[in-house]
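Structure file protein_36.tsv; described as TSV, C-alpha atoms and all ligand atoms.
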chain	number	residue	atom	x	y	z
A	1159	MET	CA	-59.42	-39.01	17.45
A	1160	GLY	CA	-61.30	-40.19	14.38
A	1161	PHE	CA	-64.23	-42.59	14.35
A	1162	ILE	CA	-62.15	-45.54	13.11
A	1163	ASP	CA	-59.54	-44.93	15.79
A	1164	SER	CA	-62.25	-44.74	18.43
A	1165	ILE	CA	-63.56	-48.11	17.28
A	1166	LYS	CA	-60.03	-49.53	17.32
A	1167	LYS	CA	-59.51	-48.17	20.77
A	1168	LEU	CA	-62.75	-49.68	21.96
A	1169	PHE	CA	-62.34	-53.11	20.48
A	1170	GLY	CA	-58.71	-53.59	19.55
A	1171	CYS	CA	-57.28	-54.53	22.89
A	1172	LYS	CA	-60.11	-56.77	23.90
A	1173	THR	CA	-59.18	-59.36	21.35
A	1174	GLU	CA	-55.49	-58.93	20.90
A	1175	GLU	CA	-52.93	-61.03	22.65
A	1176	LYS	CA	-50.02	-58.91	23.74
A	1177	THR	CA	-46.44	-60.06	23.80
A	1178	GLU	CA	-45.05	-57.49	26.12
A	1179	CYS	CA	-46.32	-55.37	28.93
A	1180	CYS	CA	-47.19	-51.95	27.75
A	1181	CYS	CA	-46.32	-50.28	31.02
A	1182	CYS	CA	-43.09	-51.82	32.14
A	1183	GLY	CA	-41.89	-53.63	29.02
A	1184	THR	CA	-41.85	-57.08	30.61
A	1185	GLU	CA	-41.81	-59.57	27.79
A	1186	GLU	CA	-44.14	-62.45	27.13
A	1187	ASN	CA	-47.04	-61.02	28.95
A	1188	THR	CA	-49.99	-62.39	27.06
A	1189	GLU	CA	-52.59	-60.81	29.25
A	1190	CYS	CA	-53.79	-57.31	29.43
A	1191	CYS	CA	-50.95	-55.06	30.39
A	1192	CYS	CA	-52.66	-53.96	33.55
A	1193	SER	CA	-52.61	-57.36	35.14
A	1194	CYS	CA	-48.86	-57.53	35.57
A	1195	GLY	CA	-49.07	-55.35	38.62
A	1196	CYS	CA	-46.72	-52.65	37.47
A	1197	THR	CA	-47.53	-49.19	38.59
A	1198	GLU	CA	-45.54	-47.12	36.18
A	1199	GLU	CA	-47.20	-44.13	34.62
A	1200	LYS	CA	-47.72	-44.21	30.94
A	1201	THR	CA	-47.29	-41.34	28.60
A	1202	GLU	CA	-48.07	-43.02	25.35
A	1203	CYS	CA	-50.39	-45.64	24.04
A	1204	CYS	CA	-49.37	-49.18	24.87
A	1205	CYS	CA	-51.54	-51.25	22.64
A	1206	SER	CA	-50.93	-52.25	19.10
A	1207	CYS	CA	-54.30	-51.14	17.85
A	1208	GLY	CA	-52.70	-48.29	16.02
A	1209	CYS	CA	-53.87	-45.29	17.96
A	1210	THR	CA	-51.27	-42.65	18.56
A	1211	GLU	CA	-52.87	-40.78	21.38
A	1212	GLU	CA	-50.89	-39.79	24.43
A	1213	LYS	CA	-52.50	-41.55	27.29
A	1214	THR	CA	-52.38	-41.42	31.04
A	1215	GLU	CA	-54.35	-44.59	31.52
A	1216	CYS	CA	-53.91	-48.02	30.08
A	1217	CYS	CA	-55.57	-48.52	26.76
A	1218	CYS	CA	-56.08	-52.21	27.33
A	1219	CYS	CA	-58.79	-51.75	29.89
A	1220	GLY	CA	-62.41	-52.41	29.40
A	1221	GLU	CA	-62.41	-56.09	30.17
A	1222	ASN	CA	-62.63	-58.00	33.40
A	1223	ASN	CA	-61.48	-56.33	36.57
A	1224	GLU	CA	-58.59	-54.54	34.85
A	1225	LYS	CA	-60.72	-51.46	34.65
A	1226	GLU	CA	-60.10	-50.67	38.27
A	1227	THR	CA	-56.35	-50.70	37.81
A	1228	CYS	CA	-56.69	-48.42	34.84
A	1229	VAL	CA	-58.86	-46.01	36.73
A	1230	ASN	CA	-56.20	-46.00	39.44
A	1231	MET	CA	-53.56	-45.02	36.91
A	1232	ALA	CA	-55.52	-41.98	35.80
A	1233	ASN	CA	-56.43	-41.12	39.37
A	1234	LYS	CA	-52.84	-41.39	40.48
A	1235	VAL	CA	-51.67	-38.74	38.04
A	1236	GLU	CA	-54.54	-36.47	39.02
A	1237	LEU	CA	-54.06	-36.96	42.77
A	1238	LEU	CA	-50.30	-36.40	42.57
A	1239	LYS	CA	-50.92	-33.13	40.80
A	1240	LYS	CA	-53.50	-32.14	43.40
A	1241	LEU	CA	-51.01	-32.92	46.19
A	1242	SER	CA	-48.28	-30.90	44.53
A	1243	ASP	CA	-50.64	-27.99	43.80
A	1244	ALA	CA	-51.97	-27.95	47.36
A	1245	VAL	CA	-48.40	-27.67	48.70
A	1246	VAL	CA	-47.66	-24.81	46.30
A	1247	GLU	CA	-50.93	-23.14	47.31
A	1248	MET	CA	-50.12	-23.59	51.03
A	1249	GLU	CA	-53.38	-25.45	51.67
A	1250	ASP	CA	-52.72	-27.77	54.62
A	1251	ASP	CA	-56.29	-29.05	54.82
A	1252	THR	CA	-56.42	-29.89	51.13
A	1253	VAL	CA	-53.08	-31.69	51.34
A	1254	VAL	CA	-54.40	-33.84	54.19
A	1255	GLU	CA	-57.66	-34.54	52.38
A	1256	VAL	CA	-55.95	-35.46	49.10
A	1257	ALA	CA	-53.28	-37.55	50.84
A	1258	LYS	CA	-56.06	-39.59	52.49
A	1259	GLU	CA	-57.88	-39.96	49.18
A	1260	TYR	CA	-54.60	-41.02	47.55
A	1261	LEU	CA	-54.05	-43.76	50.15
A	1262	GLY	CA	-57.70	-44.74	49.90
A	1263	GLU	CA	-57.12	-45.53	46.22
A	1264	GLY	CA	-54.45	-48.01	47.29
A	1265	LEU	CA	-51.67	-45.89	45.80
A	1266	PRO	CA	-48.13	-46.08	47.21
A	1267	ALA	CA	-47.14	-43.58	49.90
A	1268	TYR	CA	-43.62	-43.30	48.51
A	1269	GLY	CA	-44.82	-41.88	45.18
A	1270	GLY	CA	-47.19	-39.54	46.99
A	1271	ILE	CA	-44.29	-38.09	48.95
A	1272	MET	CA	-41.77	-37.76	46.16
A	1273	GLU	CA	-43.97	-36.98	43.16
A	1274	GLY	CA	-46.62	-35.08	45.08
A	1275	LEU	CA	-45.33	-33.35	48.23
A	1276	VAL	CA	-41.66	-32.94	47.29
A	1277	ASP	CA	-42.60	-31.91	43.78
A	1278	GLY	CA	-44.75	-29.15	45.30
A	1279	MET	CA	-41.91	-28.07	47.59
A	1280	THR	CA	-39.47	-27.95	44.68
A	1281	ARG	CA	-41.92	-25.82	42.72
A	1282	ALA	CA	-42.33	-23.51	45.73
A	1283	SER	CA	-38.52	-23.08	45.97
A	1284	LYS	CA	-38.41	-22.18	42.28
A	1285	LEU	CA	-41.15	-19.61	42.75
A	1286	TYR	CA	-39.03	-18.10	45.50
A	1287	ASP	CA	-36.01	-17.99	43.19
A	1288	GLU	CA	-38.16	-16.28	40.56
A	1289	GLU	CA	-39.26	-13.75	43.19
A	1290	GLU	CA	-42.89	-14.83	42.88
A	1291	TYR	CA	-42.95	-16.09	46.47
A	1292	PHE	CA	-41.68	-14.56	49.69
A	1293	VAL	CA	-39.84	-16.66	52.26
A	1294	THR	CA	-43.01	-16.68	54.39
A	1295	ASP	CA	-44.87	-18.29	51.49
A	1296	VAL	CA	-42.23	-21.02	51.15
A	1297	LEU	CA	-42.49	-21.70	54.88
A	1298	LEU	CA	-46.27	-22.06	54.61
A	1299	CYS	CA	-45.68	-24.46	51.71
A	1300	SER	CA	-43.35	-26.51	53.91
A	1301	ASP	CA	-46.05	-26.59	56.64
A	1302	ALA	CA	-48.44	-28.02	54.06
A	1303	MET	CA	-45.79	-30.54	52.99
A	1304	TYR	CA	-45.25	-31.65	56.60
A	1305	SER	CA	-49.04	-32.09	57.05
A	1306	GLY	CA	-48.99	-34.45	54.09
A	1307	LEU	CA	-45.94	-36.28	55.41
A	1308	GLU	CA	-47.81	-37.00	58.65
A	1309	ILE	CA	-50.48	-38.83	56.67
A	1310	LEU	CA	-48.26	-40.62	54.15
A	1311	THR	CA	-45.10	-41.51	56.09
A	1312	PRO	CA	-46.76	-44.16	58.35
A	1313	HIS	CA	-47.78	-45.97	55.17
A	1314	LEU	CA	-44.29	-46.24	53.70
A	1315	PRO	CA	-43.30	-49.88	53.36
A	1316	LYS	CA	-40.96	-50.77	56.17
A	1317	SER	CA	-37.82	-52.58	55.15
A	1318	GLU	CA	-37.37	-56.01	56.65
A	1319	GLU	CA	-36.33	-55.94	60.28
A	1320	GLY	CA	-32.86	-57.33	60.40
A	1321	SER	CA	-30.86	-58.14	63.50
A	1322	SER	CA	-28.60	-55.16	62.95
A	1323	LYS	CA	-29.74	-52.04	61.19
A	1324	PRO	CA	-27.13	-49.80	59.59
A	1325	LYS	CA	-26.72	-46.68	61.69
A	1326	GLY	CA	-26.57	-43.16	60.32
A	1327	VAL	CA	-25.91	-39.75	61.80
A	1328	ILE	CA	-27.55	-36.85	59.97
A	1329	GLY	CA	-27.65	-33.09	60.40
A	1330	VAL	CA	-27.44	-29.66	58.83
A	1331	VAL	CA	-23.97	-28.21	59.30
A	1332	GLU	CA	-23.15	-25.41	61.71
A	1333	GLY	CA	-24.33	-21.96	60.65
A	1334	ASP	CA	-27.21	-23.27	58.54
A	1335	THR	CA	-30.81	-23.71	59.66
A	1336	HIS	CA	-32.35	-24.96	56.39
A	1337	ASP	CA	-33.63	-28.38	57.37
A	1338	ILE	CA	-36.50	-29.26	55.04
A	1339	GLY	CA	-34.31	-31.28	52.66
A	1340	LYS	CA	-32.43	-32.95	55.52
A	1341	ASN	CA	-35.74	-34.06	57.06
A	1342	LEU	CA	-36.76	-35.69	53.79
A	1343	VAL	CA	-33.44	-37.50	53.46
A	1344	LYS	CA	-33.81	-38.75	57.03
A	1345	ILE	CA	-37.34	-40.08	56.40
A	1346	MET	CA	-36.22	-41.87	53.26
A	1347	LEU	CA	-33.19	-43.46	54.95
A	1348	GLU	CA	-35.30	-44.56	57.91
A	1349	THR	CA	-37.81	-46.09	55.54
A	1350	ALA	CA	-34.97	-47.93	53.83
A	1351	GLY	CA	-34.06	-49.56	57.15
A	1352	PHE	CA	-31.43	-47.21	58.57
A	1353	GLU	CA	-31.44	-46.32	62.24
A	1354	MET	CA	-30.99	-42.56	61.98
A	1355	TYR	CA	-29.64	-40.24	64.67
A	1356	ASP	CA	-30.84	-36.76	63.78
A	1357	LEU	CA	-28.64	-34.00	65.16
A	1358	GLY	CA	-31.00	-31.35	63.81
A	1359	ARG	CA	-29.80	-28.14	62.22
A	1360	ASP	CA	-26.98	-25.70	62.89
A	1361	VAL	CA	-25.01	-28.68	64.18
A	1362	PRO	CA	-21.59	-28.02	65.78
A	1363	LEU	CA	-19.08	-29.84	63.60
A	1364	GLN	CA	-17.57	-31.91	66.39
A	1365	SER	CA	-21.04	-33.31	67.21
A	1366	TYR	CA	-21.08	-35.43	64.03
A	1367	VAL	CA	-17.88	-37.12	65.15
A	1368	ASP	CA	-18.96	-37.56	68.76
A	1369	LYS	CA	-22.33	-39.04	67.79
A	1370	ALA	CA	-20.82	-41.31	65.13
A	1371	LYS	CA	-18.36	-42.63	67.72
A	1372	GLU	CA	-21.00	-43.02	70.42
A	1373	VAL	CA	-23.43	-45.05	68.32
A	1374	GLY	CA	-20.89	-46.82	66.09
A	1375	ALA	CA	-22.33	-45.23	62.95
A	1376	ASN	CA	-21.81	-46.63	59.46
A	1377	LEU	CA	-22.95	-43.44	57.76
A	1378	VAL	CA	-22.54	-39.69	58.29
A	1379	ALA	CA	-24.93	-37.56	56.20
A	1380	MET	CA	-24.48	-33.80	56.04
A	1381	SER	CA	-26.76	-31.23	54.48
A	1382	THR	CA	-26.36	-27.54	53.74
A	1383	LEU	CA	-28.08	-25.03	51.50
A	1384	MET	CA	-25.67	-22.17	51.94
A	1385	THR	CA	-22.32	-21.60	50.28
A	1386	THR	CA	-20.93	-20.02	53.45
A	1387	THR	CA	-21.40	-23.20	55.47
A	1388	MET	CA	-20.08	-25.65	52.88
A	1389	PRO	CA	-16.49	-25.66	54.26
A	1390	GLY	CA	-17.84	-27.10	57.51
A	1391	MET	CA	-18.39	-30.38	55.68
A	1392	GLN	CA	-14.69	-30.69	54.93
A	1393	THR	CA	-13.89	-29.93	58.56
A	1394	VAL	CA	-16.11	-32.82	59.63
A	1395	VAL	CA	-14.32	-35.18	57.24
A	1396	GLU	CA	-11.00	-34.09	58.75
A	1397	LYS	CA	-12.31	-34.44	62.29
A	1398	LEU	CA	-13.47	-37.98	61.52
A	1399	LYS	CA	-9.90	-38.75	60.40
A	1400	GLU	CA	-8.40	-37.18	63.52
A	1401	ALA	CA	-10.74	-39.27	65.68
A	1402	GLY	CA	-9.55	-42.39	63.85
A	1403	ILE	CA	-13.03	-43.39	62.66
A	1404	ARG	CA	-12.97	-42.16	59.05
A	1405	GLU	CA	-12.48	-45.71	57.78
A	1406	ASN	CA	-15.53	-46.93	59.73
A	1407	VAL	CA	-18.06	-44.56	58.15
A	1408	LYS	CA	-19.23	-43.52	54.73
A	1409	VAL	CA	-19.74	-39.78	54.38
A	1410	ILE	CA	-22.47	-38.44	52.12
A	1411	VAL	CA	-23.28	-34.80	51.43
A	1412	GLY	CA	-26.13	-32.89	49.80
A	1413	GLY	CA	-28.12	-29.67	49.58
A	1414	GLY	CA	-28.57	-26.86	47.05
A	1415	PRO	CA	-24.98	-25.68	46.43
A	1416	ILE	CA	-23.36	-29.11	46.83
A	1417	SER	CA	-22.10	-31.04	43.80
A	1418	GLN	CA	-20.28	-34.26	43.06
A	1419	ARG	CA	-17.18	-32.19	42.38
A	1420	PHE	CA	-17.37	-30.60	45.81
A	1421	ALA	CA	-17.91	-34.00	47.43
A	1422	ASP	CA	-14.77	-35.30	45.69
A	1423	GLN	CA	-12.78	-32.21	46.69
A	1424	ILE	CA	-13.53	-32.58	50.40
A	1425	GLY	CA	-13.01	-36.33	50.44
A	1426	ALA	CA	-16.65	-37.32	51.01
A	1427	ASP	CA	-17.74	-40.71	49.71
A	1428	GLY	CA	-20.77	-39.54	47.80
A	1429	TYR	CA	-23.28	-36.89	46.84
A	1430	SER	CA	-26.82	-36.94	45.53
A	1431	ASP	CA	-29.26	-34.21	44.66
A	1432	THR	CA	-32.45	-35.89	45.85
A	1433	ALA	CA	-33.62	-37.77	48.93
A	1434	VAL	CA	-34.50	-40.81	46.84
A	1435	ASP	CA	-31.02	-41.01	45.35
A	1436	ALA	CA	-29.53	-40.50	48.80
A	1437	VAL	CA	-30.94	-43.91	49.76
A	1438	LYS	CA	-29.49	-45.60	46.67
A	1439	LEU	CA	-26.17	-43.90	47.32
A	1440	ALA	CA	-26.00	-44.90	50.98
A	1441	LYS	CA	-26.95	-48.50	50.22
A	1442	ASN	CA	-24.41	-48.72	47.40
A	1443	LEU	CA	-21.63	-47.33	49.54
A	1444	LEU	CA	-22.41	-49.76	52.35
A	1445	GLY	CA	-22.88	-52.72	50.02
A	1446	ILE	CA	-26.53	-53.19	50.99
A	1447	ALA	CA	-28.68	-54.81	48.32
A	1448	GLU	CA	-31.50	-52.71	46.87
B	1501	LIG	C1	-37.16	-22.21	52.78
B	1501	LIG	C2	-35.92	-21.36	52.76
B	1501	LIG	C3	-35.55	-20.76	53.96
B	1501	LIG	C4	-36.26	-21.00	55.28
B	1501	LIG	C5	-35.73	-22.34	55.84
B	1501	LIG	C6	-36.77	-23.08	56.65
B	1501	LIG	C7	-36.28	-24.45	57.05
B	1501	LIG	N1	-36.67	-24.86	58.22
B	1501	LIG	O1	-35.57	-25.14	56.33
B	1501	LIG	C8	-35.81	-19.77	56.12
B	1501	LIG	C9	-36.79	-18.65	55.96
B	1501	LIG	C10	-35.63	-20.02	57.62
B	1501	LIG	C11	-34.53	-19.39	55.41
B	1501	LIG	C12	-33.56	-18.64	56.00
B	1501	LIG	C13	-32.43	-18.19	55.31
B	1501	LIG	N2	-32.14	-18.37	54.01
B	1501	LIG	CO1	-33.12	-19.56	52.84
B	1501	LIG	N3	-34.07	-20.47	51.51
B	1501	LIG	C14	-35.15	-21.19	51.57
B	1501	LIG	C15	-35.50	-21.68	50.14
B	1501	LIG	C16	-36.56	-20.73	49.60
B	1501	LIG	C17	-36.01	-23.13	49.99
B	1501	LIG	C18	-35.11	-24.21	50.57
B	1501	LIG	C19	-35.84	-25.54	50.63
B	1501	LIG	O2	-36.32	-25.92	51.68
B	1501	LIG	N4	-35.99	-26.26	49.49
B	1501	LIG	C20	-36.75	-27.52	49.38
B	1501	LIG	C21	-35.92	-28.74	49.82
B	1501	LIG	C22	-36.77	-30.01	49.70
B	1501	LIG	O3	-34.82	-28.85	48.93
B	1501	LIG	P1	-33.31	-29.11	49.42
B	1501	LIG	O4	-33.11	-28.59	50.77
B	1501	LIG	O5	-32.39	-28.70	48.34
B	1501	LIG	O6	-33.21	-30.71	49.61
B	1501	LIG	C23	-33.19	-31.69	48.57
B	1501	LIG	C24	-31.79	-31.97	48.01
B	1501	LIG	O7	-30.92	-30.87	48.06
B	1501	LIG	C25	-31.30	-33.18	48.73
B	1501	LIG	N5	-30.57	-33.02	49.98
B	1501	LIG	C26	-30.70	-32.10	50.96
B	1501	LIG	N6	-29.90	-32.35	51.99
B	1501	LIG	C27	-29.22	-33.48	51.69
B	1501	LIG	C28	-28.26	-34.20	52.41
B	1501	LIG	C29	-27.70	-35.33	51.88
B	1501	LIG	C30	-26.68	-36.11	52.65
B	1501	LIG	C31	-28.07	-35.75	50.58
B	1501	LIG	C32	-27.42	-36.95	49.98
B	1501	LIG	C33	-29.04	-35.04	49.84
B	1501	LIG	C34	-29.62	-33.92	50.40
B	1501	LIG	O8	-32.50	-33.89	49.01
B	1501	LIG	C35	-33.58	-32.98	49.27
B	1501	LIG	C36	-34.90	-33.57	48.81
B	1501	LIG	O9	-34.86	-34.14	47.56
B	1501	LIG	C37	-34.12	-21.52	49.41
B	1501	LIG	C38	-34.20	-21.25	47.93
B	1501	LIG	C39	-34.04	-22.50	47.11
B	1501	LIG	N7	-34.44	-22.39	45.88
B	1501	LIG	O10	-33.54	-23.51	47.56
B	1501	LIG	C40	-33.49	-20.34	50.20
B	1501	LIG	C41	-31.98	-20.25	50.31
B	1501	LIG	C42	-31.38	-21.60	50.58
B	1501	LIG	N8	-31.82	-19.40	51.50
B	1501	LIG	C43	-30.82	-18.56	51.40
B	1501	LIG	C44	-30.43	-17.63	52.41
B	1501	LIG	C45	-29.29	-16.69	52.04
B	1501	LIG	C46	-31.06	-17.61	53.66
B	1501	LIG	C47	-30.73	-16.67	54.84
B	1501	LIG	C48	-29.25	-16.40	55.08
B	1501	LIG	C49	-31.51	-15.39	54.56
B	1501	LIG	C50	-31.25	-14.25	55.53
B	1501	LIG	N9	-30.65	-13.24	54.97
B	1501	LIG	O11	-31.61	-14.35	56.69
B	1501	LIG	C51	-31.39	-17.42	56.01
B	1501	LIG	C52	-30.42	-18.44	56.63
B	1501	LIG	C53	-30.28	-18.37	58.06
B	1501	LIG	C54	-29.35	-19.46	58.51
B	1501	LIG	N10	-28.27	-19.11	59.11
B	1501	LIG	O12	-29.61	-20.63	58.28
B	1501	LIG	C55	-30.09	-18.72	50.07
B	1501	LIG	C56	-28.74	-19.41	50.19
B	1501	LIG	C57	-27.75	-18.76	49.26
B	1501	LIG	C58	-26.45	-19.47	49.25
B	1501	LIG	N11	-26.16	-20.10	48.13
B	1501	LIG	O13	-25.73	-19.45	50.18
B	1501	LIG	C59	-31.18	-19.46	49.21
B	1501	LIG	C60	-30.60	-20.37	48.11
B	1501	LIG	C61	-32.06	-18.34	48.60
B	1501	LIG	C62	-31.32	-17.50	47.60
B	1501	LIG	N12	-31.47	-17.78	46.33
B	1501	LIG	O14	-30.65	-16.58	47.97
B	1501	LIG	N13	-34.51	-19.90	54.12
Let's see the structure in the file written out as structure tokens.
Amino acid sequence: MGFIDSIKKLFGCKTEEKTECCCCGTEENTECCCSCGCTEEKTECCCSCGCTEEKTECCCCGENNEKETCVNMANKVELLKKLSDAVVEMEDDTVVEVAKEYLGEGLPAYGGIMEGLVDGMTRASKLYDEEEYFVTDVLLCSDAMYSGLEILTPHLPKSEEGSSKPKGVIGVVEGDTHDIGKNLVKIMLETAGFEMYDLGRDVPLQSYVDKAKEVGANLVAMSTLMTTTMPGMQTVVEKLKEAGIRENVKVIVGGGPISQRFADQIGADGYSDTAVDAVKLAKNLLGIAE
């Protein structure tokens, strides 16, 4: 950055009135962009002082107490990366330490899980696919992820306690023991206010139906990561019909080899490829407001 730009950066925002938030785009914000409370990460300069730098912190800071918010922004990016890296590097202790530091900064647990821990787990899975990691490495990564979840999950915002929570049955279909993704989907649905009944992994197909009937479930969520066990999902849909409760429940499916096309083929109600989208999907299907 040149001298003139540095001067602009230093003084420009202090005097300028802004007409829209630089982080979230909210219009008619005449204050510094940091004061609107948005937490979105920025990738480019927000101010109109003319600088073109890519930024990870708000360029409007420097006045009043906004500085703290701006520092948080930069810290957030750094801490998320540290969380993700520590999962990839299988460092349980570091994950715990960084997760605590992350919360100590007042940053949201939800982001820490999805953009930190899950990001690290996704990277670890890729390294396995690229034959850089052995299965044992991926398992150690998942241990590190779970250590972080223990710290962050209690800090997830609880949805408002209603008189009747929607009920969901979740499990990994028979023949499959991959349950890391299913566990994340369960945590996210619970956080969103669902009462989840977790059948675990390698779940006998009839158990989904029996449990759904027993608890009067509104949702049946099935996970699998193996192509060989995918047909089990269709069997469950058929069993729900045979039991006469298909109309009472929404069926959602997910996991590595699952796609929207497959979900349509087997007569499921929906599919998503992440735990976060699973919540949106379930709420949409059940007509629950976001
Ligand atoms: C870790 C791992 C294992 C661990 C599992 C530990 C555990 N407790 O889960 C262990 C070592 C036990 C294992 C065993 C096996 N594995 Co394995 N494993 C993996 C690996 C490396 C990572 C999976 C993972 O956890 N990813 C991270 C999570 C977070 O991602 P995810 O599960 O996809 O979940 C996300 C989404 O899919 C979605 N989601 C998940 N579930 C659901 C459900 C719903 C309803 C919704 C809406 C969304 C959703 O949300 C999640 C979060 O965002 C994958 C490779 C890969 N790249 O995926 C192979 C992989 C899945 N394994 C594979 C195989 C073949 C096996 C074994 C058969 C190996 C063997 N020969 O023994 C055994 C299976 C034994 C059995 N019967 O179950 C194959 C499957 C191939 C296939 N297409 O069928 C893979 C793809 C590796 C490969 N490329 O060959 N494995």
What residues of the protein or nucleic acid chains come within 6 Å of ligand LIG 1501 (chain B) when you use all atoms listed in the file? Reply as an mmCIF file with C-alpha atoms, keeping the file's coordinate frame.
data_model
loop_
_atom_site.group_PDB
_atom_site.id
_atom_site.type_symbol
_atom_site.label_atom_id
_atom_site.label_comp_id
_atom_site.auth_asym_id
_atom_site.auth_seq_id
_atom_site.Cartn_x
_atom_site.Cartn_y
_atom_site.Cartn_z
ATOM 1 C CA MET A 1279 -41.910 -28.070 47.590
ATOM 2 C CA THR A 1280 -39.470 -27.950 44.680
ATOM 3 C CA SER A 1283 -38.520 -23.080 45.970
ATOM 4 C CA LYS A 1284 -38.410 -22.180 42.280
ATOM 5 C CA TYR A 1286 -39.030 -18.100 45.500
ATOM 6 C CA ASP A 1287 -36.010 -17.990 43.190
ATOM 7 C CA VAL A 1293 -39.840 -16.660 52.260
ATOM 8 C CA VAL A 1296 -42.230 -21.020 51.150
ATOM 9 C CA LEU A 1297 -42.490 -21.700 54.880
ATOM 10 C CA GLY A 1333 -24.330 -21.960 60.650
ATOM 11 C CA ASP A 1334 -27.210 -23.270 58.540
ATOM 12 C CA THR A 1335 -30.810 -23.710 59.660
ATOM 13 C CA HIS A 1336 -32.350 -24.960 56.390
ATOM 14 C CA ASP A 1337 -33.630 -28.380 57.370
ATOM 15 C CA ILE A 1338 -36.500 -29.260 55.040
ATOM 16 C CA GLY A 1339 -34.310 -31.280 52.660
ATOM 17 C CA LYS A 1340 -32.430 -32.950 55.520
ATOM 18 C CA LEU A 1342 -36.760 -35.690 53.790
ATOM 19 C CA VAL A 1343 -33.440 -37.500 53.460
ATOM 20 C CA ALA A 1379 -24.930 -37.560 56.200
ATOM 21 C CA MET A 1380 -24.480 -33.800 56.040
ATOM 22 C CA SER A 1381 -26.760 -31.230 54.480
ATOM 23 C CA LEU A 1383 -28.080 -25.030 51.500
ATOM 24 C CA MET A 1384 -25.670 -22.170 51.940
ATOM 25 C CA THR A 1385 -22.320 -21.600 50.280
ATOM 26 C CA THR A 1386 -20.930 -20.020 53.450
ATOM 27 C CA ILE A 1410 -22.470 -38.440 52.120
ATOM 28 C CA VAL A 1411 -23.280 -34.800 51.430
ATOM 29 C CA GLY A 1412 -26.130 -32.890 49.800
ATOM 30 C CA GLY A 1413 -28.120 -29.670 49.580
ATOM 31 C CA GLY A 1414 -28.570 -26.860 47.050
ATOM 32 C CA PRO A 1415 -24.980 -25.680 46.430
ATOM 33 C CA TYR A 1429 -23.280 -36.890 46.840
ATOM 34 C CA SER A 1430 -26.820 -36.940 45.530
ATOM 35 C CA ASP A 1431 -29.260 -34.210 44.660
ATOM 36 C CA THR A 1432 -32.450 -35.890 45.850
ATOM 37 C CA ALA A 1433 -33.620 -37.770 48.930
ATOM 38 C CA ALA A 1436 -29.530 -40.500 48.800
#
* To do: Using all atoms listed in the file, collect all residues at a distance of at most 12 Å from (-14.0, -47.9, 61.9) as written in the file, then present them as a list in words.
  => Val1367, Ala1370, Lys1371, Val1373, Gly1374, Ala1375, Asn1376, Leu1377, Leu1398, Lys1399, Ala1401, Gly1402, Ile1403, Arg1404, Glu1405, Asn1406, Val1407 and Lys1408 of chain A
* Asked: What is the CA of Val1361 (chain A) to CA of Val1327 (chain A) distance in Å?
  ->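 Distance between the two atoms: 11.4 Å.
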* Nearest-residue call for Glu1249 (chain A), choices A:Gly1264, A:Gly1270, A:Pro1312, A:Gly1306, using only C-alpha atoms ->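 Among the listed residues, the smallest separation from Glu1249 (chain A) belongs to A:Gly1306.
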* Residue nearest Thr1311 (chain A) - candidates A:Thr1387, A:Gln1392, A:Ser1365, A:Thr1349, atoms counted: all atoms listed in the file ->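 Distance minimum relative to Thr1311 (chain A) lands on A:Thr1349.
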* Nearest-residue call for Glu1396 (chain A), choices A:Gln1364, A:Ser1305, A:Ser1242, A:Thr1294, using all atoms listed in the file ->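 Smallest distance to Glu1396 (chain A) is found for A:Gln1364.
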* To do: Considering all atoms listed in the file, state which residue in the set A:Met1391, A:Ala1267, A:Val1246, A:Met1354 is at the smallest distance from Ala1282 (chain A).
  =>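 Once distances to Ala1282 (chain A) are computed over all atoms listed in the file, the minimum belongs to A:Val1246.
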* Coordinates-based distance that separates CA of Asp1422 (chain A) from CA of Asp1368 (chain A) (Å, one decimal) ->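 So the two atoms, CA of Asp1368 (chain A) and CA of Asp1422 (chain A), lie 23.6 Å apart.
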* Asked: Interatomic distance between CA of Gln1418 (chain A) and CA of Gly1329 (chain A)?
  ->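 About the pair CA of Gln1418 (chain A) and CA of Gly1329 (chain A): they are 18.9 Å apart.
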* Asked: For Lys1258 (chain A), which residue out of A:Ala1244, A:Asp1277, A:Pro1362, A:Leu1310 is the nearest one, using all atoms listed in the file?
  ->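 That would be A:Leu1310, the residue with the smallest distance to Lys1258 (chain A).
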* Go through A:Leu1357, A:Ile1446, A:Ile1416, A:Val1276 and flag the residue nearest Val1434 (chain A), using only C-alpha atoms for the distances. =>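 Closest to Val1434 (chain A) of all the choices is A:Val1276.
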* Near Arg1419 (chain A), within 10 Å and counting only C-alpha atoms, which residues show up once chain neighbours fewer than 5 positions away are dropped, as a list in words? ->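 Everything that qualifies: Ile1424, Gly1425, Gly1428 and Tyr1429 of chain A.
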* Skipping near chain neighbours, those fewer than 6 positions away, what residues fall within 7 Å of Val1245 (chain A) using only C-alpha atoms, listed as a ChimeraX atom specification? -> /A:1253,1275,1278-1279,1299,1302-1303
* Find the residues around Glu1353 (chain A) up to 9 Å (only C-alpha atoms counted), leave out those fewer than 6 positions away in its own chain, and share them as a list in words. =>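 So the residues in contact are Lys1323, Pro1324, Lys1325, Gly1326, Val1327 and Leu1347 of chain A.
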